[in-house]
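These notes are about the structure you will find just below.
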Amino acid sequence: MNALAATNRNFRNAASILGLDSKLLSSLLIPFREIKVECTIPKDDGSLVSYIGFRVQHDNARGPMKGGIRYHPEVDLDEVNALAQLMTWKTAVVDIPYGGAKGGIGCDPKDLSKSELERLTRVFTQKIHDLIGIHADVPAPDMGTNAQTMAWILDEYSKFHGHSPAVVTGKPIDLGGSLGREAATGRGVVFATEALLAEHGKNVKNMTFAIQGFGNVGSWAARLIHEGGGKVIAVSDISGAVKNLNGIDIVELLKHKESTGSLQNFAGAEAMDPSELLVHECDVLIPCALGGVLNRENAADVKAKFIVEAANHPTDPEADEILSKKGVVILPDIYANAGGVTVSYFEWVQNIQGFMWDEDKVNNELRKYMTRALQNIKGMCQTHNCNLRMGAFTLGVNRVARATLLRGWEG
């Protein structure tokens, strides 16, 4: 099941638990606006090339729309739609005053030089500058984009609208980016994991962890778990996988990856088959890579007691059912990986106030938001007698529905 179908299914389940009116349900599913633009740029050799850019703005009942821009060869409207909708519920779950959006350009950033990427980003910004804005739609980095991409968008947008640092988040620190933003998603995953384990009378210290994906999110989560005394016993990424039942020294693994670009041949652990990581013996499994990695083929063999979804949609609905029957507790993506957008919100707030916070304040506020959100999710689970995924979805959908009705929606 693809991301859009799964998101729609979760939304409909939540709507039926909440008893939402069918007209309101349809209205909440349909995006506020879909934008599709042609971006033609001269390549470095002088030839012209065209790309298609998308921006889906899903809902603005609770505030400006918020979501990443990805540069990837397989960006298509269905996927962007699903991710925009997911952002609407995600921002509502952690109770930050945003709606959802998502965008992207169908290109392979590896095939473009830095100057070509800059031209492409500026053309895309020219095409959508009057549809984004501090109080309308605030982009952020995603797959294939980074702080530099945001700096170009900020510069191009400011040519039309004057200096506007709050128009994008995930910027370089020197242009108004927030301290703590780079580690935010991984740190949020760890705060969410700590809050979940505390509910079960456990803590990070005495637990073993397997982490799939060692990019930004996975590596920060691993580092912070390691610092907190947790045992990371298996790690994988696109280059391979390593395990050590006594715990991997994450600091050394990070140095090794930095110097060699790969997890392979790391002295402090033995190689393993990457496909085995998901079914490795551990207390907590954290998928931080692609969607759909837990499915009906492998779900029955998962040995973890807790799964923390740091990736978007790593668990297929079929796997969800199998794992629930086994008594595995799944912390859903819509909450677990919301640390990034929460610190993006802090960055936006700092830019609007023109007053920057120190890193401790950012991290303390993030912990507060993540811990409070889990309490709210648990409250919904008790009210509606449902699992954490439906608890999170009912919480998010209910907040958006209430805001929509309060603003005077005529059914």
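In the structure tokens, the first chain shown is A, the next is B, and so on; residue numbers restart at 1 for each chain, and ligands run from 1 in the order shown.
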
So that I can check the surroundings of region 98-100 of chain A, please list as number ranges by chain every protein, DNA and RNA residue that reaches within 12 Å of it, counting only C-alpha atoms and ignoring chain neighbours fewer than 4 positions away. A: 28-33, 55-68, 80-94, 134-140, 341-342, 344-345, 348, 396-397, 399-401, 403-404

Write the residues you've just listed into a file as a compact mmCIF listing (two decimals), in the first residue's frame, and include N, CA and C atoms for each of them.
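Output file selection_32.txt is given in full below:
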# COMPACT_ATOMS: atom_id res chain seq x y z
N LEU A 28 -11.81 17.90 4.58
CA LEU A 28 -10.48 17.80 5.20
C LEU A 28 -9.50 17.02 4.33
N LEU A 29 -10.01 16.11 3.50
CA LEU A 29 -9.13 15.31 2.65
C LEU A 29 -8.62 16.09 1.44
N ILE A 30 -9.45 16.97 0.91
CA ILE A 30 -9.08 17.68 -0.33
C ILE A 30 -8.07 18.79 -0.03
N PRO A 31 -6.97 18.84 -0.76
CA PRO A 31 -5.98 19.89 -0.48
C PRO A 31 -6.53 21.28 -0.77
N PHE A 32 -6.06 22.25 0.01
CA PHE A 32 -6.42 23.66 -0.18
C PHE A 32 -5.99 24.13 -1.58
N ARG A 33 -4.77 23.72 -1.98
CA ARG A 33 -4.26 24.17 -3.30
C ARG A 33 -3.16 23.23 -3.76
N ARG A 55 4.00 22.01 -5.49
CA ARG A 55 3.76 22.38 -4.09
C ARG A 55 2.31 22.07 -3.80
N VAL A 56 2.08 21.21 -2.83
CA VAL A 56 0.71 20.91 -2.40
C VAL A 56 0.51 21.56 -1.04
N GLN A 57 -0.49 22.43 -0.95
CA GLN A 57 -0.83 23.09 0.31
C GLN A 57 -2.12 22.45 0.80
N HIS A 58 -2.01 21.69 1.88
CA HIS A 58 -3.14 20.83 2.25
C HIS A 58 -4.20 21.53 3.07
N ASP A 59 -3.82 22.23 4.14
CA ASP A 59 -4.83 22.78 5.05
C ASP A 59 -4.24 23.94 5.84
N ASN A 60 -5.02 25.02 6.00
CA ASN A 60 -4.51 26.16 6.77
C ASN A 60 -5.46 26.58 7.89
N ALA A 61 -6.29 25.64 8.37
CA ALA A 61 -7.25 25.99 9.42
C ALA A 61 -6.55 26.39 10.72
N ARG A 62 -5.40 25.75 11.03
CA ARG A 62 -4.72 26.02 12.30
C ARG A 62 -3.56 26.99 12.18
N GLY A 63 -3.26 27.44 10.96
CA GLY A 63 -2.13 28.36 10.80
C GLY A 63 -1.48 28.19 9.44
N PRO A 64 -0.35 28.87 9.21
CA PRO A 64 0.34 28.77 7.93
C PRO A 64 0.71 27.32 7.61
N MET A 65 0.80 27.01 6.34
CA MET A 65 1.12 25.63 5.95
C MET A 65 2.63 25.41 6.02
N LYS A 66 3.02 24.20 6.34
CA LYS A 66 4.43 23.93 6.64
C LYS A 66 4.81 22.58 6.07
N GLY A 67 5.97 22.52 5.43
CA GLY A 67 6.42 21.22 4.93
C GLY A 67 7.63 21.35 4.04
N GLY A 68 8.29 20.22 3.83
CA GLY A 68 9.57 20.20 3.13
C GLY A 68 9.45 20.33 1.62
N VAL A 80 3.49 13.59 -2.99
CA VAL A 80 3.55 14.92 -2.39
C VAL A 80 2.24 15.21 -1.64
N ASN A 81 1.11 14.78 -2.24
CA ASN A 81 -0.20 14.93 -1.60
C ASN A 81 -0.27 14.22 -0.26
N ALA A 82 0.19 12.96 -0.23
CA ALA A 82 0.16 12.16 1.00
C ALA A 82 1.00 12.82 2.08
N LEU A 83 2.18 13.29 1.68
CA LEU A 83 3.09 13.87 2.67
C LEU A 83 2.57 15.21 3.17
N ALA A 84 1.89 15.97 2.30
CA ALA A 84 1.31 17.25 2.72
C ALA A 84 0.20 17.00 3.75
N GLN A 85 -0.65 16.00 3.45
CA GLN A 85 -1.73 15.66 4.37
C GLN A 85 -1.17 15.19 5.71
N LEU A 86 -0.11 14.37 5.64
CA LEU A 86 0.53 13.87 6.86
C LEU A 86 1.04 15.03 7.73
N MET A 87 1.56 16.07 7.08
CA MET A 87 2.06 17.24 7.82
C MET A 87 0.93 17.96 8.55
N THR A 88 -0.27 17.96 7.96
CA THR A 88 -1.42 18.60 8.63
C THR A 88 -1.69 17.92 9.96
N TRP A 89 -1.73 16.57 9.94
CA TRP A 89 -2.02 15.83 11.18
C TRP A 89 -0.84 15.89 12.14
N LYS A 90 0.39 15.85 11.60
CA LYS A 90 1.59 15.84 12.44
C LYS A 90 1.73 17.13 13.24
N THR A 91 1.52 18.27 12.58
CA THR A 91 1.64 19.56 13.29
C THR A 91 0.55 19.68 14.36
N ALA A 92 -0.64 19.10 14.07
CA ALA A 92 -1.73 19.14 15.05
C ALA A 92 -1.44 18.23 16.25
N VAL A 93 -0.80 17.08 16.00
CA VAL A 93 -0.48 16.14 17.09
C VAL A 93 0.43 16.81 18.12
N VAL A 94 1.48 17.51 17.64
CA VAL A 94 2.41 18.16 18.59
C VAL A 94 1.95 19.57 18.95
N ILE A 134 5.55 34.04 5.08
CA ILE A 134 5.69 33.87 6.53
C ILE A 134 4.38 33.42 7.17
N HIS A 135 3.25 33.98 6.70
CA HIS A 135 1.96 33.64 7.31
C HIS A 135 1.08 32.85 6.35
N ALA A 136 1.71 32.27 5.30
CA ALA A 136 0.92 31.50 4.32
C ALA A 136 1.44 30.07 4.19
N ASP A 137 2.73 29.93 3.88
CA ASP A 137 3.31 28.61 3.63
C ASP A 137 4.82 28.74 3.80
N VAL A 138 5.37 27.94 4.71
CA VAL A 138 6.78 28.07 5.11
C VAL A 138 7.53 26.77 4.76
N PRO A 139 8.30 26.76 3.65
CA PRO A 139 9.03 25.54 3.26
C PRO A 139 10.20 25.22 4.19
N ALA A 140 10.71 24.00 4.03
CA ALA A 140 11.85 23.51 4.82
C ALA A 140 12.61 22.49 3.98
N VAL A 341 9.87 19.28 12.68
CA VAL A 341 8.92 20.38 12.40
C VAL A 341 8.71 21.22 13.67
N THR A 342 8.84 20.61 14.83
CA THR A 342 8.68 21.37 16.08
C THR A 342 9.79 22.40 16.22
N SER A 344 11.54 23.52 13.72
CA SER A 344 11.29 24.48 12.64
C SER A 344 10.35 25.58 13.13
N TYR A 345 9.34 25.18 13.89
CA TYR A 345 8.42 26.16 14.48
C TYR A 345 9.18 27.11 15.41
N TRP A 348 11.03 29.61 13.29
CA TRP A 348 10.08 30.60 12.75
C TRP A 348 9.73 31.64 13.82
N GLY A 396 -4.80 14.42 16.15
CA GLY A 396 -4.50 15.40 15.10
C GLY A 396 -5.73 15.79 14.31
N VAL A 397 -6.50 14.79 13.86
CA VAL A 397 -7.67 15.06 13.02
C VAL A 397 -8.71 15.86 13.82
N ARG A 399 -8.21 17.99 16.25
CA ARG A 399 -7.79 19.39 16.41
C ARG A 399 -8.04 20.18 15.13
N VAL A 400 -7.75 19.56 13.98
CA VAL A 400 -7.96 20.26 12.70
C VAL A 400 -9.46 20.45 12.44
N ALA A 401 -10.24 19.40 12.73
CA ALA A 401 -11.70 19.49 12.53
C ALA A 401 -12.30 20.58 13.41
N ALA A 403 -10.80 23.25 14.66
CA ALA A 403 -10.38 24.57 14.15
C ALA A 403 -11.22 24.95 12.93
N THR A 404 -11.45 23.96 12.04
CA THR A 404 -12.22 24.20 10.81
C THR A 404 -13.64 24.64 11.17

Assign secondary structure with DSSP using the backbone only, and return the residues of region 130-353 of chain A in strand (DSSP E or B) as a PyMOL selection string. chain A and resi 133+137-141+208-212+231-237+240-243+270-272+284-287+294+306-308+315+329-331

Near-Ala392 (chain A) list (9 Å; only C-alpha atoms; drop same-chain fewer than 3 positions) as a list of chain:residue names: A:Ala14, A:Trp89, A:Lys90, A:Val93, A:Pro332, A:Ile334, A:Tyr335, A:Ala373, A:Leu374, A:Asn376, A:Ile377, A:Lys378, A:Met380, A:Cys381, A:Asn387, A:Leu388, A:Arg389, A:Leu395, A:Gly396, A:Val397

Need to verify the contact set: region 258-265 of chain A, 10 Å, only C-alpha atoms, exclusion of same-chain residues closer than 6 positions in sequence. Can you return it as number ranges by chain? A: 214, 235-242, 252, 271-272

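Comparing A:Leu18, A:Leu4, A:Val284, A:Cys39 by their smallest distance to Phe209 (chain A), the closest is A:Val284 (using only C-alpha atoms).
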
May I have the residues within 12 Å of Leu196 (chain A) as a PDB file with N, CA and C atoms, in the first residue's frame, using only C-alpha atoms and disregarding those fewer than 3 positions away in the same chain?
ATOM      1  N   VAL A 189      13.036  12.016  18.233  1.00  0.00           N
ATOM      2  CA  VAL A 189      12.829  10.551  18.263  1.00  0.00           C
ATOM      3  C   VAL A 189      13.253   9.998  19.628  1.00  0.00           C
ATOM      4  N   VAL A 190      14.386  10.479  20.136  1.00  0.00           N
ATOM      5  CA  VAL A 190      14.886   9.987  21.426  1.00  0.00           C
ATOM      6  C   VAL A 190      13.979  10.459  22.573  1.00  0.00           C
ATOM      7  N   PHE A 191      13.543  11.730  22.536  1.00  0.00           N
ATOM      8  CA  PHE A 191      12.619  12.219  23.577  1.00  0.00           C
ATOM      9  C   PHE A 191      11.314  11.408  23.548  1.00  0.00           C
ATOM     10  N   ALA A 192      10.825  11.103  22.342  1.00  0.00           N
ATOM     11  CA  ALA A 192       9.595  10.318  22.201  1.00  0.00           C
ATOM     12  C   ALA A 192       9.805   8.907  22.760  1.00  0.00           C
ATOM     13  N   THR A 193      10.968   8.323  22.449  1.00  0.00           N
ATOM     14  CA  THR A 193      11.291   6.973  22.932  1.00  0.00           C
ATOM     15  C   THR A 193      11.370   6.967  24.457  1.00  0.00           C
ATOM     16  N   GLU A 199       6.483   5.320  30.241  1.00  0.00           N
ATOM     17  CA  GLU A 199       5.100   4.830  30.427  1.00  0.00           C
ATOM     18  C   GLU A 199       5.087   3.345  30.811  1.00  0.00           C
ATOM     19  N   HIS A 200       6.114   2.632  30.354  1.00  0.00           N
ATOM     20  CA  HIS A 200       6.195   1.187  30.615  1.00  0.00           C
ATOM     21  C   HIS A 200       7.179   0.868  31.751  1.00  0.00           C
ATOM     22  N   GLY A 201       7.529   1.912  32.517  1.00  0.00           N
ATOM     23  CA  GLY A 201       8.424   1.701  33.659  1.00  0.00           C
ATOM     24  C   GLY A 201       9.846   1.349  33.275  1.00  0.00           C
ATOM     25  N   LYS A 202      10.253   1.732  32.065  1.00  0.00           N
ATOM     26  CA  LYS A 202      11.617   1.415  31.603  1.00  0.00           C
ATOM     27  C   LYS A 202      12.341   2.719  31.253  1.00  0.00           C
ATOM     28  N   ASN A 203      13.647   2.621  31.009  1.00  0.00           N
ATOM     29  CA  ASN A 203      14.360   3.791  30.471  1.00  0.00           C
ATOM     30  C   ASN A 203      15.415   3.358  29.459  1.00  0.00           C
ATOM     31  N   VAL A 204      15.969   4.335  28.759  1.00  0.00           N
ATOM     32  CA  VAL A 204      16.908   4.060  27.657  1.00  0.00           C
ATOM     33  C   VAL A 204      18.119   3.260  28.139  1.00  0.00           C
ATOM     34  N   VAL A 284      14.228  -2.321  21.204  1.00  0.00           N
ATOM     35  CA  VAL A 284      13.602  -1.214  20.462  1.00  0.00           C
ATOM     36  C   VAL A 284      14.161  -1.169  19.042  1.00  0.00           C
ATOM     37  N   LYS A 305      10.321  -5.349  21.029  1.00  0.00           N
ATOM     38  CA  LYS A 305       9.086  -5.153  21.808  1.00  0.00           C
ATOM     39  C   LYS A 305       8.476  -3.786  21.504  1.00  0.00           C
ATOM     40  N   PHE A 306       9.327  -2.849  21.089  1.00  0.00           N
ATOM     41  CA  PHE A 306       8.873  -1.497  20.751  1.00  0.00           C
ATOM     42  C   PHE A 306       9.410  -1.128  19.372  1.00  0.00           C
ATOM     43  N   ILE A 307       8.577  -0.465  18.561  1.00  0.00           N
ATOM     44  CA  ILE A 307       9.047   0.072  17.277  1.00  0.00           C
ATOM     45  C   ILE A 307       8.775   1.576  17.286  1.00  0.00           C
ATOM     46  N   VAL A 308       9.821   2.351  17.044  1.00  0.00           N
ATOM     47  CA  VAL A 308       9.682   3.811  17.005  1.00  0.00           C
ATOM     48  C   VAL A 308       9.875   4.250  15.561  1.00  0.00           C
ATOM     49  N   VAL A 329       4.570  -2.737  20.645  1.00  0.00           N
ATOM     50  CA  VAL A 329       4.069  -1.360  20.789  1.00  0.00           C
ATOM     51  C   VAL A 329       4.717  -0.501  19.700  1.00  0.00           C
ATOM     52  N   ILE A 330       3.880   0.122  18.852  1.00  0.00           N
ATOM     53  CA  ILE A 330       4.417   0.943  17.752  1.00  0.00           C
ATOM     54  C   ILE A 330       4.151   2.412  18.033  1.00  0.00           C
ATOM     55  N   LEU A 331       5.222   3.200  18.088  1.00  0.00           N
ATOM     56  CA  LEU A 331       5.093   4.650  18.250  1.00  0.00           C
ATOM     57  C   LEU A 331       5.034   5.246  16.844  1.00  0.00           C
ATOM     58  N   PRO A 332       3.892   5.817  16.447  1.00  0.00           N
ATOM     59  CA  PRO A 332       3.680   6.154  15.027  1.00  0.00           C
ATOM     60  C   PRO A 332       4.522   7.335  14.538  1.00  0.00           C
ATOM     61  N   TYR A 335       3.872  11.099  15.133  1.00  0.00           N
ATOM     62  CA  TYR A 335       4.351  11.709  16.387  1.00  0.00           C
ATOM     63  C   TYR A 335       5.870  11.563  16.525  1.00  0.00           C
ATOM     64  N   ALA A 336       6.388  10.347  16.275  1.00  0.00           N
ATOM     65  CA  ALA A 336       7.788  10.048  16.607  1.00  0.00           C
ATOM     66  C   ALA A 336       8.782  10.939  15.874  1.00  0.00           C
ATOM     67  N   MET A 370       7.342  17.228  23.023  1.00  0.00           N
ATOM     68  CA  MET A 370       7.257  15.802  22.707  1.00  0.00           C
ATOM     69  C   MET A 370       6.618  15.021  23.867  1.00  0.00           C
ATOM     70  N   THR A 371       6.976  15.386  25.098  1.00  0.00           N
ATOM     71  CA  THR A 371       6.437  14.677  26.262  1.00  0.00           C
ATOM     72  C   THR A 371       4.942  14.955  26.407  1.00  0.00           C
ATOM     73  N   ARG A 372       4.568  16.236  26.231  1.00  0.00           N
ATOM     74  CA  ARG A 372       3.152  16.614  26.358  1.00  0.00           C
ATOM     75  C   ARG A 372       2.314  15.936  25.277  1.00  0.00           C
ATOM     76  N   ALA A 373       2.860  15.870  24.068  1.00  0.00           N
ATOM     77  CA  ALA A 373       2.106  15.254  22.960  1.00  0.00           C
ATOM     78  C   ALA A 373       1.805  13.787  23.266  1.00  0.00           C
ATOM     79  N   LEU A 374       2.773  13.062  23.846  1.00  0.00           N
ATOM     80  CA  LEU A 374       2.510  11.647  24.146  1.00  0.00           C
ATOM     81  C   LEU A 374       1.410  11.512  25.206  1.00  0.00           C
ATOM     82  N   GLN A 375       1.411  12.409  26.193  1.00  0.00           N
ATOM     83  CA  GLN A 375       0.326  12.384  27.198  1.00  0.00           C
ATOM     84  C   GLN A 375      -1.026  12.590  26.518  1.00  0.00           C
ATOM     85  N   ILE A 377      -1.786  11.944  23.372  1.00  0.00           N
ATOM     86  CA  ILE A 377      -2.092  10.745  22.565  1.00  0.00           C
ATOM     87  C   ILE A 377      -2.651   9.647  23.472  1.00  0.00           C
ATOM     88  N   LYS A 378      -1.990   9.448  24.631  1.00  0.00           N
ATOM     89  CA  LYS A 378      -2.454   8.414  25.568  1.00  0.00           C
ATOM     90  C   LYS A 378      -3.889   8.716  26.023  1.00  0.00           C
ATOM     91  N   LEU A 388      -1.750   3.344  19.701  1.00  0.00           N
ATOM     92  CA  LEU A 388      -1.073   4.652  19.647  1.00  0.00           C
ATOM     93  C   LEU A 388      -1.231   5.331  18.288  1.00  0.00           C
TER      94      LEU A 388
END

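A straight line drawn from CA of Glu297 (chain A) to CA of Asp142 (chain A) is 29.1 Å long.
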
Can you measure CA of Ser178 (chain A) to CA of Asp155 (chain A) for me? One decimal in Å is fine. 17.5 Å

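Closest approach to Glu276 (chain A) among A:Ala221, A:Ala310, A:Ala210, A:Ile322 is made by A:Ala210 (distances from only C-alpha atoms).
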
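Interatomic distance, CA of Lys43 (chain A) to CA of Tyr71 (chain A): 16.6 Å.
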
As an NGL selection string, list the residues of region 58-130 of chain A assigned to alpha helix (DSSP H) by DSSP on the backbone atoms of this structure. :A and (77-93 or 114-128)

Write out, as a CSV table (one decimal), in the first residue's frame, the residues just selected, with N, CA and C atoms.
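Once everything was written out, this is out.csv:
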chain,number,residue,atom,x,y,z
A,77,LEU,N,2.9,13.7,-7.8
A,77,LEU,CA,1.9,14.4,-7.1
A,77,LEU,C,1.2,13.6,-6.0
A,78,ASP,N,1.0,12.3,-6.3
A,78,ASP,CA,0.3,11.5,-5.3
A,78,ASP,C,1.1,11.4,-4.0
A,79,GLU,N,2.4,11.3,-4.1
A,79,GLU,CA,3.3,11.2,-3.0
A,79,GLU,C,3.3,12.5,-2.2
A,80,VAL,N,3.5,13.6,-3.0
A,80,VAL,CA,3.5,14.9,-2.4
A,80,VAL,C,2.2,15.2,-1.6
A,81,ASN,N,1.1,14.8,-2.2
A,81,ASN,CA,-0.2,14.9,-1.6
A,81,ASN,C,-0.3,14.2,-0.3
A,82,ALA,N,0.2,13.0,-0.2
A,82,ALA,CA,0.2,12.2,1.0
A,82,ALA,C,1.0,12.8,2.1
A,83,LEU,N,2.2,13.3,1.7
A,83,LEU,CA,3.1,13.9,2.7
A,83,LEU,C,2.6,15.2,3.2
A,84,ALA,N,1.9,16.0,2.3
A,84,ALA,CA,1.3,17.3,2.7
A,84,ALA,C,0.2,17.0,3.7
A,85,GLN,N,-0.6,16.0,3.4
A,85,GLN,CA,-1.7,15.7,4.4
A,85,GLN,C,-1.2,15.2,5.7
A,86,LEU,N,-0.1,14.4,5.6
A,86,LEU,CA,0.5,13.9,6.9
A,86,LEU,C,1.0,15.0,7.7
A,87,MET,N,1.6,16.1,7.1
A,87,MET,CA,2.1,17.2,7.8
A,87,MET,C,0.9,18.0,8.6
A,88,THR,N,-0.3,18.0,8.0
A,88,THR,CA,-1.4,18.6,8.6
A,88,THR,C,-1.7,17.9,10.0
A,89,TRP,N,-1.7,16.6,9.9
A,89,TRP,CA,-2.0,15.8,11.2
A,89,TRP,C,-0.8,15.9,12.1
A,90,LYS,N,0.4,15.9,11.6
A,90,LYS,CA,1.6,15.8,12.4
A,90,LYS,C,1.7,17.1,13.2
A,91,THR,N,1.5,18.3,12.6
A,91,THR,CA,1.6,19.6,13.3
A,91,THR,C,0.5,19.7,14.4
A,92,ALA,N,-0.6,19.1,14.1
A,92,ALA,CA,-1.7,19.1,15.0
A,92,ALA,C,-1.4,18.2,16.2
A,93,VAL,N,-0.8,17.1,16.0
A,93,VAL,CA,-0.5,16.1,17.1
A,93,VAL,C,0.4,16.8,18.1
A,114,LYS,N,26.5,22.5,-8.5
A,114,LYS,CA,25.9,23.5,-7.5
A,114,LYS,C,25.3,24.7,-8.1
A,115,SER,N,25.9,25.2,-9.2
A,115,SER,CA,25.3,26.4,-9.8
A,115,SER,C,24.0,26.1,-10.5
A,116,GLU,N,23.9,24.8,-11.1
A,116,GLU,CA,22.6,24.4,-11.7
A,116,GLU,C,21.5,24.3,-10.6
A,117,LEU,N,21.9,23.7,-9.5
A,117,LEU,CA,20.9,23.6,-8.4
A,117,LEU,C,20.4,24.9,-7.9
A,118,GLU,N,21.4,25.9,-7.8
A,118,GLU,CA,21.0,27.2,-7.4
A,118,GLU,C,20.0,27.9,-8.4
A,119,ARG,N,20.3,27.7,-9.7
A,119,ARG,CA,19.5,28.3,-10.7
A,119,ARG,C,18.1,27.7,-10.7
A,120,LEU,N,18.1,26.4,-10.5
A,120,LEU,CA,16.8,25.6,-10.4
A,120,LEU,C,16.0,26.1,-9.2
A,121,THR,N,16.6,26.2,-8.1
A,121,THR,CA,15.9,26.7,-6.8
A,121,THR,C,15.4,28.1,-7.0
A,122,ARG,N,16.2,28.9,-7.6
A,122,ARG,CA,15.7,30.3,-7.8
A,122,ARG,C,14.5,30.4,-8.8
A,123,VAL,N,14.6,29.6,-9.8
A,123,VAL,CA,13.4,29.7,-10.8
A,123,VAL,C,12.2,29.1,-10.1
A,124,PHE,N,12.3,28.0,-9.4
A,124,PHE,CA,11.2,27.5,-8.6
A,124,PHE,C,10.6,28.5,-7.7
A,125,THR,N,11.5,29.2,-7.0
A,125,THR,CA,11.0,30.3,-6.0
A,125,THR,C,10.3,31.4,-6.7
A,126,GLN,N,10.8,31.8,-7.9
A,126,GLN,CA,10.2,32.9,-8.7
A,126,GLN,C,8.7,32.4,-9.1
A,127,LYS,N,8.6,31.1,-9.4
A,127,LYS,CA,7.3,30.7,-9.8
A,127,LYS,C,6.2,30.6,-8.7
A,128,ILE,N,6.7,30.4,-7.4
A,128,ILE,CA,5.8,30.2,-6.3
A,128,ILE,C,5.9,31.3,-5.2
